[in-house]
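The structure file protein16.cif is reproduced below (mmCIF, C-alpha atoms).
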```
data_final
#
loop_
_atom_site.label_atom_id
_atom_site.label_comp_id
_atom_site.auth_asym_id
_atom_site.auth_seq_id
_atom_site.Cartn_x
_atom_site.Cartn_y
_atom_site.Cartn_z
CA MET K 1 71.77 178.25 149.14
CA THR K 2 71.87 176.04 152.23
CA THR K 3 69.61 176.56 155.23
CA ALA K 4 72.52 178.04 157.19
CA MET K 5 73.21 180.54 154.40
CA TRP K 6 69.55 181.58 154.35
CA PHE K 7 69.73 182.32 158.09
CA GLN K 8 72.94 184.29 157.50
CA ALA K 9 71.28 186.24 154.67
CA ILE K 10 68.30 187.08 156.89
CA GLY K 11 70.69 188.20 159.65
CA ILE K 12 72.63 190.45 157.27
CA LEU K 13 69.36 191.89 155.94
CA LEU K 14 68.14 192.67 159.47
CA VAL K 15 71.43 194.36 160.35
CA PHE K 16 71.22 196.34 157.12
CA LEU K 17 67.66 197.53 157.87
CA VAL K 18 68.51 198.46 161.46
CA PHE K 19 71.51 200.55 160.45
CA VAL K 20 69.65 202.23 157.59
CA GLY K 21 66.98 203.17 160.14
CA LEU K 22 69.61 204.53 162.52
CA MET K 23 71.15 206.62 159.74
CA MET K 24 67.79 207.86 158.46
CA THR K 25 66.71 208.97 161.94
CA ARG K 26 70.18 210.40 162.62
CA LYS K 27 70.63 208.23 165.67
CA LEU K 28 74.00 207.08 164.34
CA PRO K 29 76.18 208.99 161.84
CA SER K 30 77.20 207.23 158.64
CA ILE K 31 80.87 207.65 159.48
CA LEU K 32 80.36 205.17 162.36
CA ALA K 33 77.45 203.15 160.97
CA LEU K 34 79.28 201.90 157.85
CA PRO K 35 82.28 200.25 159.57
CA CYS K 36 80.04 198.83 162.31
CA MET K 37 77.76 197.34 159.68
CA ALA K 38 80.76 195.91 157.82
CA ILE K 39 82.04 194.13 160.94
CA LEU K 40 78.60 192.70 161.78
CA PHE K 41 78.14 191.47 158.19
CA ALA K 42 81.47 189.67 158.47
CA ILE K 43 80.66 188.13 161.86
CA ILE K 44 77.28 186.84 160.65
CA ALA K 45 78.86 185.35 157.49
CA GLY K 46 81.53 183.60 159.53
CA VAL K 47 84.59 185.65 158.62
CA PRO K 48 87.27 184.89 161.24
CA LEU K 49 88.86 187.67 163.27
CA LEU K 50 92.39 186.36 162.58
CA SER K 51 93.93 183.49 160.65
CA SER K 52 97.38 181.96 160.35
CA ASN K 53 96.66 181.36 156.66
CA PRO K 54 97.53 184.56 154.73
CA GLU K 55 95.10 183.59 151.95
CA THR K 56 92.08 183.56 154.30
CA ALA K 57 89.94 186.70 154.46
CA THR K 58 89.80 187.99 158.04
CA ILE K 59 88.12 190.86 159.85
CA ALA K 60 91.41 192.27 161.13
CA LYS K 61 93.50 192.13 157.97
CA THR K 62 91.13 192.01 154.99
CA ILE K 63 88.25 194.15 156.21
CA LEU K 64 89.68 196.64 158.71
CA ALA K 65 93.29 197.04 157.53
CA GLY K 66 92.70 196.44 153.82
CA GLY K 67 89.35 198.22 153.73
CA SER K 68 90.63 201.40 155.36
CA MET K 69 93.09 201.77 152.45
CA LYS K 70 90.75 200.58 149.69
CA LEU K 71 89.65 204.05 148.58
CA SER K 72 93.06 205.67 148.98
CA GLY K 73 92.93 206.92 145.39
CA ALA K 74 89.54 208.52 145.96
CA ILE K 75 90.74 210.12 149.20
CA ALA K 76 93.76 211.58 147.39
CA GLY K 77 91.47 213.01 144.71
CA LEU K 78 89.24 214.49 147.40
CA ILE K 79 92.19 216.17 149.14
CA PHE K 80 93.59 217.68 145.94
CA GLY K 81 90.12 218.87 144.90
CA ALA K 82 89.63 220.61 148.25
CA TRP K 83 93.10 222.15 147.94
CA PHE K 84 92.21 223.55 144.52
CA GLY K 85 88.97 224.99 145.89
CA GLN K 86 90.80 226.80 148.66
CA ILE K 87 93.29 228.24 146.15
CA LEU K 88 90.42 229.60 144.03
CA ASN K 89 88.96 231.18 147.15
CA LYS K 90 92.22 232.68 148.43
CA VAL K 91 93.21 234.34 145.16
CA GLY K 92 89.71 235.84 144.75
CA ILE K 93 88.54 233.92 141.68
CA THR K 94 85.39 232.49 143.29
CA LYS K 95 84.03 235.88 144.33
CA SER K 96 85.07 237.48 141.05
CA ILE K 97 83.09 234.95 139.02
CA ILE K 98 79.99 235.53 141.17
CA ARG K 99 80.37 239.31 140.94
CA LYS K 100 80.62 239.12 137.13
CA ALA K 101 77.45 237.01 136.98
CA ALA K 102 75.58 239.51 139.17
CA GLU K 103 76.67 242.40 136.93
CA LEU K 104 75.49 240.58 133.80
CA ALA K 105 72.08 239.67 135.25
CA GLY K 106 71.04 243.15 136.33
CA ASP K 107 67.68 243.16 138.14
CA LYS K 108 65.91 240.38 136.21
CA PRO K 109 65.00 237.56 138.67
CA VAL K 110 64.94 234.71 136.14
CA LEU K 111 68.21 235.79 134.55
CA ILE K 112 69.84 236.28 137.98
CA ALA K 113 68.81 232.80 139.14
CA ILE K 114 69.93 231.10 135.92
CA LEU K 115 73.28 232.90 135.79
CA PHE K 116 73.97 232.09 139.43
CA PHE K 117 73.04 228.46 138.78
CA ILE K 118 75.51 228.30 135.88
CA THR K 119 78.18 230.20 137.81
CA ALA K 120 77.87 228.09 140.95
CA SER K 121 77.85 224.89 138.87
CA ILE K 122 81.19 225.90 137.32
CA ILE K 123 82.64 226.70 140.75
CA PHE K 124 81.41 223.41 142.26
CA SER K 125 82.83 221.49 139.29
CA ALA K 126 86.23 222.62 140.49
CA ALA K 127 85.69 222.46 144.25
CA GLY K 128 83.07 220.72 146.35
CA GLY K 129 82.48 220.35 150.06
CA LEU K 130 80.40 222.26 152.58
CA GLY K 131 82.99 225.03 152.91
CA MET K 132 82.68 225.98 149.25
CA VAL K 133 78.87 225.76 149.39
CA ILE K 134 78.89 228.16 152.35
CA LEU K 135 81.28 230.52 150.59
CA VAL K 136 79.19 230.63 147.41
CA GLY K 137 75.83 230.53 149.19
CA THR K 138 76.54 233.46 151.50
CA ILE K 139 77.24 235.59 148.43
CA VAL K 140 74.59 234.52 145.92
CA ILE K 141 71.62 233.80 148.21
CA PRO K 142 71.34 237.36 149.64
CA ILE K 143 71.62 238.80 146.12
CA MET K 144 68.79 236.55 144.91
CA LEU K 145 66.58 237.30 147.90
CA THR K 146 67.01 241.06 147.54
CA ALA K 147 66.10 240.63 143.84
CA SER K 148 62.65 239.36 144.92
CA ILE K 149 63.47 235.69 144.36
CA SER K 150 61.75 233.45 146.91
CA GLN K 151 63.65 231.63 149.66
CA PHE K 152 62.80 228.25 148.12
CA VAL K 153 64.08 229.19 144.65
CA ALA K 154 67.26 230.69 146.12
CA SER K 155 67.78 227.41 147.97
CA ILE K 156 67.31 225.16 144.96
CA VAL K 157 69.54 227.29 142.74
CA VAL K 158 72.45 226.47 145.05
CA LEU K 159 71.44 222.82 145.54
CA LEU K 160 70.97 222.20 141.81
CA ALA K 161 74.37 223.76 141.19
CA VAL K 162 75.86 221.37 143.75
CA GLY K 163 74.28 218.45 141.88
CA VAL K 164 75.52 219.52 138.45
CA GLY K 165 78.94 220.59 139.70
CA SER K 166 79.52 217.31 141.53
CA LEU K 167 79.00 215.37 138.28
CA PHE K 168 81.78 217.33 136.56
CA ASN K 169 84.05 217.51 139.61
CA VAL K 170 86.82 215.13 138.60
CA SER K 171 87.95 214.60 142.20
CA ASN K 172 84.65 212.74 142.80
CA TRP K 173 85.32 210.30 139.96
CA ALA K 174 88.06 208.51 141.86
CA VAL K 175 85.39 206.64 143.85
CA TYR K 176 84.26 204.86 140.69
CA VAL K 177 87.86 204.19 139.68
CA ASP K 178 88.57 202.49 143.02
CA VAL K 179 85.23 200.70 143.46
CA LEU K 180 84.48 199.54 139.91
CA GLY K 181 87.94 199.49 138.35
CA LEU K 182 87.00 201.94 135.59
CA SER K 183 89.36 204.36 133.89
CA VAL K 184 88.92 208.13 134.12
CA ASP K 185 88.37 208.14 130.36
CA GLN K 186 85.41 205.74 130.67
CA ILE K 187 83.82 207.88 133.37
CA ALA K 188 84.30 211.06 131.33
CA ASN K 189 82.57 209.49 128.31
CA TYR K 190 79.32 209.04 130.27
CA THR K 191 79.33 212.28 132.26
CA LEU K 192 77.16 214.24 129.83
CA VAL K 193 74.65 211.37 129.79
CA VAL K 194 73.86 211.90 133.49
CA ALA K 195 74.56 215.64 133.66
CA SER K 196 72.58 216.91 130.66
CA PRO K 197 69.16 215.77 131.95
CA LEU K 198 69.82 217.38 135.34
CA ILE K 199 70.88 220.65 133.70
CA VAL K 200 67.69 220.78 131.60
CA ILE K 201 65.51 219.83 134.58
CA ALA K 202 67.28 222.42 136.76
CA LEU K 203 66.62 225.24 134.30
CA ALA K 204 62.98 224.16 133.98
CA MET K 205 62.60 224.05 137.79
CA ILE K 206 64.08 227.50 138.27
CA VAL K 207 61.82 229.12 135.66
CA PHE K 208 58.73 227.20 136.85
CA TYR K 209 59.10 228.05 140.53
CA ILE K 210 60.03 231.71 139.96
CA ARG K 211 56.81 232.13 138.00
CA LYS K 212 54.78 230.00 140.43
CA ASP K 213 56.05 231.43 143.71
CA GLY K 214 55.91 235.04 142.66
CA LYS K 215 58.10 237.61 144.36
CA GLY K 216 59.93 237.03 147.59
CA ARG K 217 61.05 239.56 150.16
CA LYS K 218 62.51 242.84 148.98
CA ALA K 219 64.98 243.12 151.82
CA TRP K 220 66.90 240.48 153.71
CA ALA K 221 69.44 240.79 156.48
CA MET K 222 72.65 238.77 156.35
CA PRO K 223 72.60 236.40 159.33
CA ALA K 224 76.38 236.08 159.37
CA ALA K 225 79.43 237.69 157.91
CA THR K 226 80.56 236.43 154.56
CA PRO K 227 83.52 234.12 155.06
CA GLY K 228 86.88 234.80 153.48
CA GLY K 229 88.85 237.96 153.05
CA GLY K 230 88.03 241.10 151.15
CA ASP K 231 87.45 241.12 147.42
CA LYS K 232 90.59 240.76 145.33
CA LYS K 233 90.95 242.01 141.77
CA VAL K 234 91.97 239.22 139.44
CA PRO K 235 92.71 239.27 135.69
CA ALA K 236 89.75 238.32 133.52
CA ILE K 237 91.71 235.45 131.96
CA ALA K 238 92.09 233.88 135.43
CA LEU K 239 88.34 233.28 135.62
CA ILE K 240 88.80 230.21 133.41
CA SER K 241 90.85 228.52 136.14
CA PRO K 242 88.02 226.39 137.59
CA LEU K 243 87.57 224.74 134.20
CA VAL K 244 91.22 223.77 133.70
CA PRO K 245 91.11 220.37 135.51
CA VAL K 246 87.82 219.45 133.84
CA LEU K 247 89.13 220.29 130.37
CA LEU K 248 92.39 218.42 130.96
CA VAL K 249 90.47 215.28 131.92
CA PHE K 250 87.85 215.51 129.16
CA ILE K 251 90.07 216.60 126.27
CA PHE K 252 93.55 215.32 127.09
CA LYS K 253 92.49 212.29 129.19
CA ILE K 254 94.85 213.27 132.03
CA ASP K 255 94.39 211.53 135.38
CA ILE K 256 92.57 213.30 138.19
CA VAL K 257 95.39 214.29 140.56
CA PRO K 258 97.79 215.71 137.92
CA ALA K 259 94.85 217.54 136.29
CA VAL K 260 93.98 219.23 139.59
CA ILE K 261 97.64 220.09 140.28
CA ALA K 262 97.89 221.63 136.81
CA GLY K 263 94.74 223.64 137.53
CA ALA K 264 96.23 224.92 140.78
CA LEU K 265 99.48 225.95 139.08
CA VAL K 266 97.63 227.69 136.24
CA THR K 267 95.55 229.57 138.81
CA ILE K 268 98.67 230.79 140.64
CA LEU K 269 100.41 231.79 137.39
CA LEU K 270 97.39 233.71 136.07
CA THR K 271 96.73 235.59 139.32
CA TRP K 272 100.26 235.66 140.78
CA PRO K 273 99.33 236.59 144.37
CA LYS K 274 101.79 238.26 146.74
CA ARG K 275 102.64 235.09 148.66
CA PRO K 276 102.07 232.17 146.27
CA ILE K 277 103.96 229.61 148.38
CA HIS K 278 101.99 230.53 151.48
CA ILE K 279 98.71 230.27 149.55
CA LEU K 280 99.61 226.83 148.18
CA SER K 281 100.60 225.47 151.60
CA SER K 282 97.80 227.03 153.66
CA ALA K 283 95.20 226.02 151.05
CA LEU K 284 96.31 222.40 151.38
CA VAL K 285 95.93 222.42 155.18
CA GLU K 286 92.56 224.19 155.08
CA GLY K 287 91.38 221.97 152.23
CA ILE K 288 92.12 218.84 154.26
CA GLN K 289 90.17 220.35 157.16
CA ASP K 290 87.21 220.97 154.83
CA VAL K 291 87.04 217.33 153.69
CA ALA K 292 88.06 215.58 156.91
CA GLY K 293 84.53 214.28 157.42
CA ALA K 294 84.28 213.03 153.85
CA MET K 295 87.65 211.31 154.21
CA GLY K 296 86.41 209.49 157.30
CA LEU K 297 83.27 208.49 155.42
CA MET K 298 85.38 207.11 152.54
CA ILE K 299 87.37 204.99 154.97
CA GLY K 300 84.07 203.58 156.26
CA ILE K 301 82.92 202.92 152.69
CA GLY K 302 86.17 201.10 151.96
CA ILE K 303 85.74 198.90 155.04
CA LEU K 304 82.15 198.11 154.01
CA LEU K 305 83.31 197.31 150.46
CA SER K 306 85.94 194.90 151.75
CA SER K 307 83.33 193.24 153.93
CA VAL K 308 80.70 192.68 151.23
CA MET K 309 83.35 191.58 148.73
CA SER K 310 84.94 189.06 151.09
CA PRO K 311 84.31 185.47 149.92
CA GLN K 312 82.18 184.58 152.96
CA VAL K 313 79.85 187.62 152.82
CA SER K 314 79.69 187.65 149.02
CA ALA K 315 78.63 183.99 148.97
CA VAL K 316 75.66 184.87 151.18
CA ILE K 317 74.60 188.13 149.50
CA SER K 318 75.34 187.46 145.81
CA PRO K 319 72.39 185.04 145.24
CA LEU K 320 70.00 187.70 146.56
CA ILE K 321 71.55 190.40 144.36
CA GLU K 322 71.41 188.14 141.30
CA SER K 323 67.68 187.57 141.86
CA VAL K 324 66.91 191.30 141.53
CA LEU K 325 69.62 192.26 139.03
CA PRO K 326 68.13 194.18 136.06
CA ASN K 327 69.37 192.41 132.91
CA THR K 328 67.34 194.10 130.15
CA PRO K 329 67.14 197.77 129.10
CA LEU K 330 63.53 198.08 130.32
CA MET K 331 64.30 196.50 133.70
CA PHE K 332 67.39 198.71 134.03
CA ILE K 333 65.26 201.83 133.42
CA LEU K 334 62.42 200.82 135.75
CA PHE K 335 64.67 199.47 138.51
CA PHE K 336 66.87 202.53 138.94
CA THR K 337 64.15 205.13 138.29
CA ILE K 338 61.61 203.69 140.73
CA LEU K 339 64.24 202.93 143.37
CA SER K 340 66.17 206.20 142.94
CA PRO K 341 64.74 207.61 146.23
CA LEU K 342 66.81 204.90 147.95
CA ALA K 343 69.78 207.19 147.32
CA ILE K 344 68.54 209.60 150.01
CA TYR K 345 68.81 209.17 153.79
CA ARG K 346 72.10 207.28 153.24
CA GLY K 347 70.14 204.50 151.57
CA PRO K 348 71.41 201.50 149.61
CA LEU K 349 71.85 203.44 146.35
CA ASN K 350 73.83 206.28 147.91
CA VAL K 351 77.40 206.12 146.60
CA TRP K 352 78.57 207.87 149.79
CA GLY K 353 77.10 205.05 151.85
CA LEU K 354 75.88 201.59 150.97
CA GLY K 355 75.73 202.26 147.24
CA SER K 356 79.39 201.53 146.60
CA GLY K 357 79.05 198.06 148.13
CA ILE K 358 75.80 197.38 146.26
CA ALA K 359 77.42 198.46 142.97
CA ALA K 360 80.37 196.14 143.56
CA LEU K 361 77.94 193.28 144.20
CA PHE K 362 76.01 194.13 141.02
CA VAL K 363 79.25 193.83 139.07
CA SER K 364 80.19 190.56 140.74
CA ALA K 365 76.70 189.26 139.91
CA GLY K 366 77.10 190.02 136.19
CA MET K 367 76.33 193.71 135.55
CA THR K 368 79.01 195.55 133.59
CA PRO K 369 81.05 198.10 135.60
CA VAL K 370 80.02 200.85 133.16
CA ALA K 371 76.31 200.10 133.69
CA ALA K 372 76.76 200.11 137.47
CA MET K 373 78.64 203.41 137.31
CA LEU K 374 76.03 204.98 135.06
CA ALA K 375 73.19 203.88 137.35
CA LEU K 376 74.89 205.17 140.51
CA ARG K 377 75.75 208.51 138.92
CA ALA K 378 72.20 208.90 137.61
CA VAL K 379 70.57 208.29 140.99
CA SER K 380 73.11 210.65 142.57
CA ASN K 381 71.04 213.44 140.96
CA VAL K 382 68.36 212.64 143.53
CA GLN K 383 70.84 212.37 146.40
CA SER K 384 72.87 215.52 145.76
CA VAL K 385 69.85 217.82 145.32
CA SER K 386 67.04 216.38 147.46
CA ASP K 387 68.63 214.45 150.35
CA PRO K 388 67.82 216.13 153.72
CA THR K 389 70.82 214.40 155.31
CA ASN K 390 73.31 216.26 153.09
CA SER K 391 75.27 218.81 155.08
CA HIS K 392 74.85 221.33 152.25
CA ASN K 393 71.05 220.85 152.23
CA VAL K 394 70.94 221.43 155.98
CA TRP K 395 73.04 224.58 155.72
CA VAL K 396 71.14 226.05 152.75
CA ALA K 397 67.75 225.42 154.41
CA ASP K 398 68.94 227.03 157.64
CA PHE K 399 70.53 230.00 155.87
CA THR K 400 67.38 230.78 153.83
CA LYS K 401 65.03 229.86 156.71
CA SER K 402 63.37 227.23 154.50
CA ASP K 403 61.82 223.88 155.47
CA ILE K 404 64.31 221.16 154.52
CA ASN K 405 61.51 218.59 154.11
CA GLU K 406 59.64 220.97 151.83
CA ILE K 407 62.74 221.15 149.65
CA LEU K 408 62.74 217.35 149.51
CA LYS K 409 59.05 217.13 148.55
CA LYS K 410 59.25 219.77 145.84
CA THR K 411 62.54 218.68 144.25
CA LEU K 412 62.20 214.87 144.39
CA PRO K 413 59.75 214.48 141.45
CA TRP K 414 61.96 216.66 139.27
CA THR K 415 65.21 214.90 140.14
CA MET K 416 63.55 211.51 139.56
CA VAL K 417 62.65 212.68 136.05
CA SER K 418 66.32 213.54 135.47
CA VAL K 419 67.20 209.99 136.56
CA LEU K 420 64.60 208.54 134.18
CA ILE K 421 65.98 210.47 131.20
CA ALA K 422 69.58 209.57 132.07
CA VAL K 423 68.94 205.83 132.43
CA ILE K 424 66.84 205.76 129.24
CA ILE K 425 69.73 207.29 127.29
CA GLY K 426 72.26 205.17 129.15
CA SER K 427 70.39 201.92 128.58
CA PHE K 428 70.92 202.25 124.83
CA MET K 429 74.66 202.64 125.46
CA VAL K 430 75.32 199.85 127.95
CA PHE K 431 73.01 197.06 126.70
#
```

For the structure just supplied, provide its representation as structure tokens.
Amino acid sequence: MTTAMWFQAIGILLVFLVFVGLMMTRKLPSILALPCMAILFAIIAGVPLLSSNPETATIAKTILAGGSMKLSGAIAGLIFGAWFGQILNKVGITKSIIRKAAELAGDKPVLIAILFFITASIIFSAAGGLGMVILVGTIVIPIMLTASISQFVASIVVLLAVGVGSLFNVSNWAVYVDVLGLSVDQIANYTLVVASPLIVIALAMIVFYIRKDGKGRKAWAMPAATPGGGDKKVPAIALISPLVPVLLVFIFKIDIVPAVIAGALVTILLTWPKRPIHILSSALVEGIQDVAGAMGLMIGIGILLSSVMSPQVSAVISPLIESVLPNTPLMFILFFTILSPLAIYRGPLNVWGLGSGIAALFVSAGMTPVAAMLALRAVSNVQSVSDPTNSHNVWVADFTKSDINEILKKTLPWTMVSVLIAVIIGSFMVF
């Protein structure tokens, strides 16, 4: 690297640290920080604003225009996933599944917590987003608290279910398709590698903390009305609906969007509500509203990706990435386990922030796309469960009147262990 490039690299690093600090302290939301960071990276690296040469990367065309459309496939998957989640809610399947789990568990705290963890994980595998977390949480948390389960355990049951469900939620996979150029089939083949350790750790956490914390409060007042309409009776066979998209992707290797559409149609056919057309159309509108923030964040991620992958910025950053790139199984394990906390506070390993750009740079520096995907999905176990900046963590902590930082402190060691196990298994598969 030339002296000028070293100064550019230092400038980009300083901008990176400043914006990470702003995001961590919540001075600037990620939805604005990511595109601002992308533009500053490009300016420092000497990317021109405009150019008469169509082959030249520019801020206007390559980064802003091209970047805003870069994750269009992921955004489509997000919209269809949210649509499916709203359909499950409107026809009554979500509440029916939770009610069945509560009936099976009886009054045994450990069994209640485990069944709700499994149930919520299945629901979140079909539909993510804060709206679905609120819907599920306002039903299962009061039941757990009135069954003498502590506020902390009730909180982590929901958060662990979010973590497990997000790994199986096929609408989330489109990010890796767009960023790393992988096929849905490749992503599916490695899902159990990252999900199984988190499932085992989650069950161990639930049992450990129920026994450690003792009994919680016997009575608990609902702070707000449960969202959604009244309970609807649905056929028992319809309760398999949330699994339809997942099974279509895993077994029949169908792409994400058609798999979700098939799941929605199966749900309507099995429940046959009074106004199916109205449910399909209103669910789409409400689903888009649920994920509007995530869509904006994906546009910012796409702009950042286009910036770091532009020839000028990549030439400055790539030598630094190559110098720290783990190129042996042991280094791969140590690197991503020790640095997994960098996935929280919108850090550099957070796929919903800087992580997508870092992963793309890892690939350009020589890491295989599968290894980069596996690493990002493994460290997402830390992010999805422990990160205090997650909207679902904030809501759950507020709803249960728990300390969000206490949730971070108590869950982080466990989720890091799940990362360690996943990358150990994965290292034998990708090296």

Point to revise | Explicit residues for the PyMOL selection byres ((chain K and resi 333-350) around 7) (as a PyMOL selection string) | key: chain K and resi 20+23-24+326+329-332+351-355+358+375-376+379-380+382-383+387+389+416+419-420+423-424

**Study point:** Residue IDs satisfying the PyMOL selection byres ((chain K and resi 295) around 10), as a count of residues only
**Key:** 21

Practice item. Determine, counting only C-alpha atoms, which protein, DNA and RNA residues have an atom within 12 Å of an atom of Ile277 of chain K; residues of the same chain fewer than 5 positions away are not included. Present the result as a ChimeraX atom specification. Key: /K:87,264-265,268-269,272,282-284

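Proximity to Glu55 of chain K at 12 Å, evaluated using all atoms listed in the file and with sequence-adjacent residues fewer than 6 positions away removed, yields Lys61, Thr62, Ser310 and Pro311 of chain K.
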
**Study point:** Spatial neighbours of segment 40-51 of chain K, 6 Å, all atoms listed in the file, chain gap at least 3 places, as a list in words
**Key:** Gln8, Ile12, Met37, Thr58, Ile59, Ala60, Gln312 and Val313 of chain K

Which polymer residues have any atom within 9 Å of an atom of segment 162-167 of chain K, counting all atoms listed in the file, with same-chain residues fewer than 3 positions away left out, as a tab-separated table (two decimals) with C-alpha atoms, in the frame of the given file?
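Everything below was put into part.tsv:
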```tsv
chain	number	residue	atom	x	y	z
K	120	ALA	CA	77.87	228.09	140.95
K	121	SER	CA	77.85	224.89	138.87
K	122	ILE	CA	81.19	225.90	137.32
K	123	ILE	CA	82.64	226.70	140.75
K	124	PHE	CA	81.41	223.41	142.26
K	125	SER	CA	82.83	221.49	139.29
K	126	ALA	CA	86.23	222.62	140.49
K	127	ALA	CA	85.69	222.46	144.25
K	128	GLY	CA	83.07	220.72	146.35
K	133	VAL	CA	78.87	225.76	149.39
K	157	VAL	CA	69.54	227.29	142.74
K	158	VAL	CA	72.45	226.47	145.05
K	159	LEU	CA	71.44	222.82	145.54
K	170	VAL	CA	86.82	215.13	138.60
K	171	SER	CA	87.95	214.60	142.20
K	172	ASN	CA	84.65	212.74	142.80
K	173	TRP	CA	85.32	210.30	139.96
K	191	THR	CA	79.33	212.28	132.26
K	192	LEU	CA	77.16	214.24	129.83
K	194	VAL	CA	73.86	211.90	133.49
K	195	ALA	CA	74.56	215.64	133.66
K	196	SER	CA	72.58	216.91	130.66
K	198	LEU	CA	69.82	217.38	135.34
K	199	ILE	CA	70.88	220.65	133.70
K	202	ALA	CA	67.28	222.42	136.76
K	377	ARG	CA	75.75	208.51	138.92
K	380	SER	CA	73.11	210.65	142.57
K	381	ASN	CA	71.04	213.44	140.96
K	382	VAL	CA	68.36	212.64	143.53
K	383	GLN	CA	70.84	212.37	146.40
K	384	SER	CA	72.87	215.52	145.76
K	385	VAL	CA	69.85	217.82	145.32
K	392	HIS	CA	74.85	221.33	152.25
```
